[in-house]
Structures are given as structure tokens and as C-alpha cells.
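Notes to accompany the following structure.
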Amino acid sequence: YQRRVHGDQTGLLNKTELIRMCRILNYPHGESDMRELFQAIDLDRSGKINFKEFLMYMRHRRPQPEVQYGLSHQDYLQTLMQFHTFDANGNGALDRTELLQLCRHMRYPYSPMEIDRMFQQIDADRSGLLTVHEFLTYTKNKRLHANSVVSSRPRTLSRGSF
């Protein structure tokens, strides 16, 4: 937390630090989202968020990976850890090089050209960086596609299958 998000030693989050934290934790972090989120968390209206305010808010508003991505909470946390392990500069997003390193670590035999193609598919907002949300959405779509291919195959009947 301190190394990746918090720039000073006050123990308080300002809006910029909250945006960084939201990127890392996969919370919405668009301009209007952040304005509303900051107001909702900053209970004492000090313009800074203390740790207690942050924890109280997050306790009741955690992401629901089962609903959003079709992942168990354990798989979601594991994917977040892998994603952030390869986020070398700690900006909460992966560039092409970081994605290539992640794929190599996971032993996916992709060529640099295949990585570029995959990167373009994942990068929904065309920012040149992959957010956790883009990455998880892509993997969800891949899983759904794989499951639909398997379920659409003709079933063979075997003796005693009724």
C-alpha cells in the first residue's frame, strides 16, 4: 500500500492517491466515479481519507468477482496478485512488455506478434495499457467462449446414458 499508492507519510489519501488505489484494487476510477467515491468515503469532509474511513467504505463495497467475472473470490485474488506482480512500474496497468512477461511466466507459448494481437483485443479503451478490469473481462470472455465451444459439440450417447 505505502509503496505503490501513498506518496507522503501522513497516513491520509488524497484524490490522486485514491485513484491509484482504485486502479490497483479494480474499482471504477473514471472522473465522475472518483468524485462520487471520494465524497462517499470522506465522512469528515476533510478533503483527505483516513485509513478508518477507507476500511469502513471498502468493508461493505468490495467487488463481486463471482458476478462480474465468473471467478471465485480466491481465483479473483490470485489473478489480481499475478497481474500486479508483473506490473513492474506499479501504475496499476500492464504494458505490452509486462503482458509478454506474464504470459511467459504462465508458460503460454505466444509469439510477440500474438501478444500484440492479444493486447489489442484486451485494450478496450485503446489507452495502450491494460487495466485489471480489461484483463479480467478478456479472460472471462475467453472462458465463456471455451465453454460454449465445448457445450456446442455433438454429444455421443453411450450405453446406459439415459
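Here's how to read the names in the C-alpha cells: chain A, B, ... by the order shown, residue numbers from 1 in each chain, ligand numbers from 1 in the order shown.
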Interface rows for segment 86-135 of chain A against segment 17-38 of chain A: nearest pair, Å to one decimal, 10 Å, only C-alpha atoms, as a Markdown table:
```
| residue | atom | partner | partner_atom | distance |
| --- | --- | --- | --- | --- |
| A:Asp87 | CA | A:Ile24 | CA | 9.9 |
| A:Gly90 | CA | A:Ile24 | CA | 8.5 |
| A:Asn91 | CA | A:Arg20 | CA | 7.3 |
| A:Gly92 | CA | A:Ile24 | CA | 4.9 |
| A:Ala93 | CA | A:Arg23 | CA | 7.7 |
| A:Thr131 | CA | A:Arg23 | CA | 7.4 |
| A:Val132 | CA | A:Asn26 | CA | 5.9 |
| A:His133 | CA | A:Asn26 | CA | 6.2 |
| A:Glu134 | CA | A:Asn26 | CA | 9.7 |
```
Legend entry - Shell around Glu98 of chain A at 9 Å using only C-alpha atoms, local window under 3 positions removed, as a list in words: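 These residues fall inside the cut-off: Phe86, Asp87, Ala88, Ala93, Leu94, Asp95, Gln101, Leu102 and Cys103 of chain A.
As for atom CA of Asp75 of chain A and atom CA of Leu100 of chain A, they are spaced 21.0 Å apart.
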Inset, instruction - Could you tell me which of A:Leu129, A:Leu13, A:Leu144, A:Leu43 comes closest to Gly70 of chain A if we count only C-alpha atoms? - result: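 Counting only C-alpha atoms, the residue closest to Gly70 of chain A is A:Leu144.
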Inset, instruction - Do a neighbour search on Ile115 of chain A at 8 Å with only C-alpha atoms, toss out local chain neighbours closer than 5 positions, and write the hits as an NGL selection string. - result: :A and (96 or 99-100 or 110)
How would the residues just chosen look if you wrote them out with C-alpha atoms as a PDB file, in the first residue's frame?
```pdb
ATOM      1  CA  ARG A  96       2.936  -4.921 -23.842  1.00  0.00           C
ATOM      2  CA  LEU A  99       1.918  -8.725 -20.627  1.00  0.00           C
ATOM      3  CA  LEU A 100       4.598 -10.681 -22.502  1.00  0.00           C
ATOM      4  CA  TYR A 110       2.743 -16.839 -27.533  1.00  0.00           C
TER       5      TYR A 110
END
```
Inset, instruction - Measure the distance from atom CA of Gly47 of chain A to atom CA of Arg62 of chain A in Å and round it to one decimal. - result: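 Atom CA of Arg62 of chain A lies 22.6 Å from atom CA of Gly47 of chain A.
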Legend entry - A:Phe135, A:Thr10, A:Ala124, A:Thr79 ranked by distance to Phe51 of chain A, top pick (using only C-alpha atoms):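 With only C-alpha atoms as the atom set, the closest residue is A:Thr10.
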Legend entry - Coordinates-based distance that separates atom CA of Thr85 of chain A from atom CA of Arg104 of chain A (Å, one decimal):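 For atom CA of Arg104 of chain A relative to atom CA of Thr85 of chain A, the distance reads 13.1 Å.
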Legend entry - Which of chain A DSSP labels alpha helix (DSSP H), written as a PyMOL selection string: chain A and resi 15-25+31-41+51-60+65-68+73-85+96-105+112-122+132-152
Inset, instruction - Return as a PyMOL selection string the full set of residues in segment 2-157 of chain A whose backbone-based DSSP assignment is strand (DSSP E). - result: chain A and resi 12-13+49-50+93-94+130-131
May I have the residues from that selection written out with all heavy atoms, as a CSV table (one decimal), in the first residue's frame?
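To be explicit, this is the file written out as part-v7.csv:
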```
chain,number,residue,atom,x,y,z
A,12,LEU,N,-2.9,9.6,5.1
A,12,LEU,CA,-4.1,10.1,4.5
A,12,LEU,C,-4.0,9.9,3.0
A,12,LEU,O,-3.0,10.2,2.5
A,12,LEU,CB,-4.5,11.5,4.9
A,12,LEU,CG,-4.5,11.8,6.4
A,12,LEU,CD1,-4.7,13.3,6.7
A,12,LEU,CD2,-5.7,11.1,7.1
A,13,LEU,N,-5.2,9.6,2.4
A,13,LEU,CA,-5.2,9.6,0.9
A,13,LEU,C,-5.8,10.8,0.4
A,13,LEU,O,-6.9,11.3,0.8
A,13,LEU,CB,-6.1,8.4,0.5
A,13,LEU,CG,-5.6,7.0,0.7
A,13,LEU,CD1,-6.6,6.0,0.3
A,13,LEU,CD2,-4.2,6.7,0.0
A,49,ILE,N,-8.7,11.2,3.0
A,49,ILE,CA,-9.3,10.0,3.5
A,49,ILE,C,-8.4,9.3,4.5
A,49,ILE,O,-7.2,9.0,4.1
A,49,ILE,CB,-9.7,9.0,2.3
A,49,ILE,CG1,-10.7,9.7,1.4
A,49,ILE,CG2,-10.2,7.7,2.8
A,49,ILE,CD1,-11.0,9.0,0.2
A,50,ASN,N,-8.8,9.1,5.7
A,50,ASN,CA,-8.0,8.3,6.6
A,50,ASN,C,-8.3,6.8,6.5
A,50,ASN,O,-9.2,6.4,5.8
A,50,ASN,CB,-8.2,8.8,8.1
A,50,ASN,CG,-9.6,8.6,8.6
A,50,ASN,OD1,-10.1,7.5,8.5
A,50,ASN,ND2,-10.1,9.6,9.3
A,93,ALA,N,-1.5,-1.0,-14.2
A,93,ALA,CA,-1.8,-1.4,-15.6
A,93,ALA,C,-0.6,-2.1,-16.2
A,93,ALA,O,0.5,-2.0,-15.7
A,93,ALA,CB,-2.2,-0.2,-16.4
A,94,LEU,N,-0.9,-2.9,-17.2
A,94,LEU,CA,0.2,-3.7,-17.9
A,94,LEU,C,0.4,-3.1,-19.3
A,94,LEU,O,-0.5,-2.8,-20.0
A,94,LEU,CB,-0.2,-5.1,-18.0
A,94,LEU,CG,-0.4,-6.0,-16.8
A,94,LEU,CD1,-0.7,-7.4,-17.2
A,94,LEU,CD2,0.8,-5.9,-15.9
A,130,LEU,N,-3.2,-2.0,-20.2
A,130,LEU,CA,-4.3,-2.9,-19.8
A,130,LEU,C,-4.6,-2.8,-18.3
A,130,LEU,O,-3.7,-2.9,-17.5
A,130,LEU,CB,-3.9,-4.4,-20.1
A,130,LEU,CG,-3.4,-4.7,-21.5
A,130,LEU,CD1,-3.1,-6.2,-21.5
A,130,LEU,CD2,-4.5,-4.4,-22.5
A,131,THR,N,-5.8,-2.4,-18.1
A,131,THR,CA,-6.3,-2.3,-16.7
A,131,THR,C,-6.7,-3.7,-16.2
A,131,THR,O,-6.9,-4.6,-17.0
A,131,THR,CB,-7.5,-1.4,-16.5
A,131,THR,OG1,-8.6,-2.0,-17.2
A,131,THR,CG2,-7.2,0.0,-17.1
```
Legend entry - Contacts of Gln78 of chain A within 12 Å, only C-alpha atoms, excl. fewer than 6 positions in-chain, as a list in words: Pro65, Leu71, Ser72, His84, Thr85 and Leu136 of chain A
Would you mind exporting the chosen residues as a JSON list (two decimals), in the first residue's frame, restricted to C-alpha atoms?
```
[["chain", "number", "residue", "atom", "x", "y", "z"],
["A", 65, "PRO", "CA", -15.92, -11.28, -8.84],
["A", 71, "LEU", "CA", -14.49, -16.15, -10.74],
["A", 72, "SER", "CA", -14.44, -17.40, -7.19],
["A", 84, "HIS", "CA", 0.21, -6.78, -10.04],
["A", 85, "THR", "CA", 3.33, -8.97, -9.79],
["A", 136, "LEU", "CA", -10.40, -9.87, -16.23]]
```
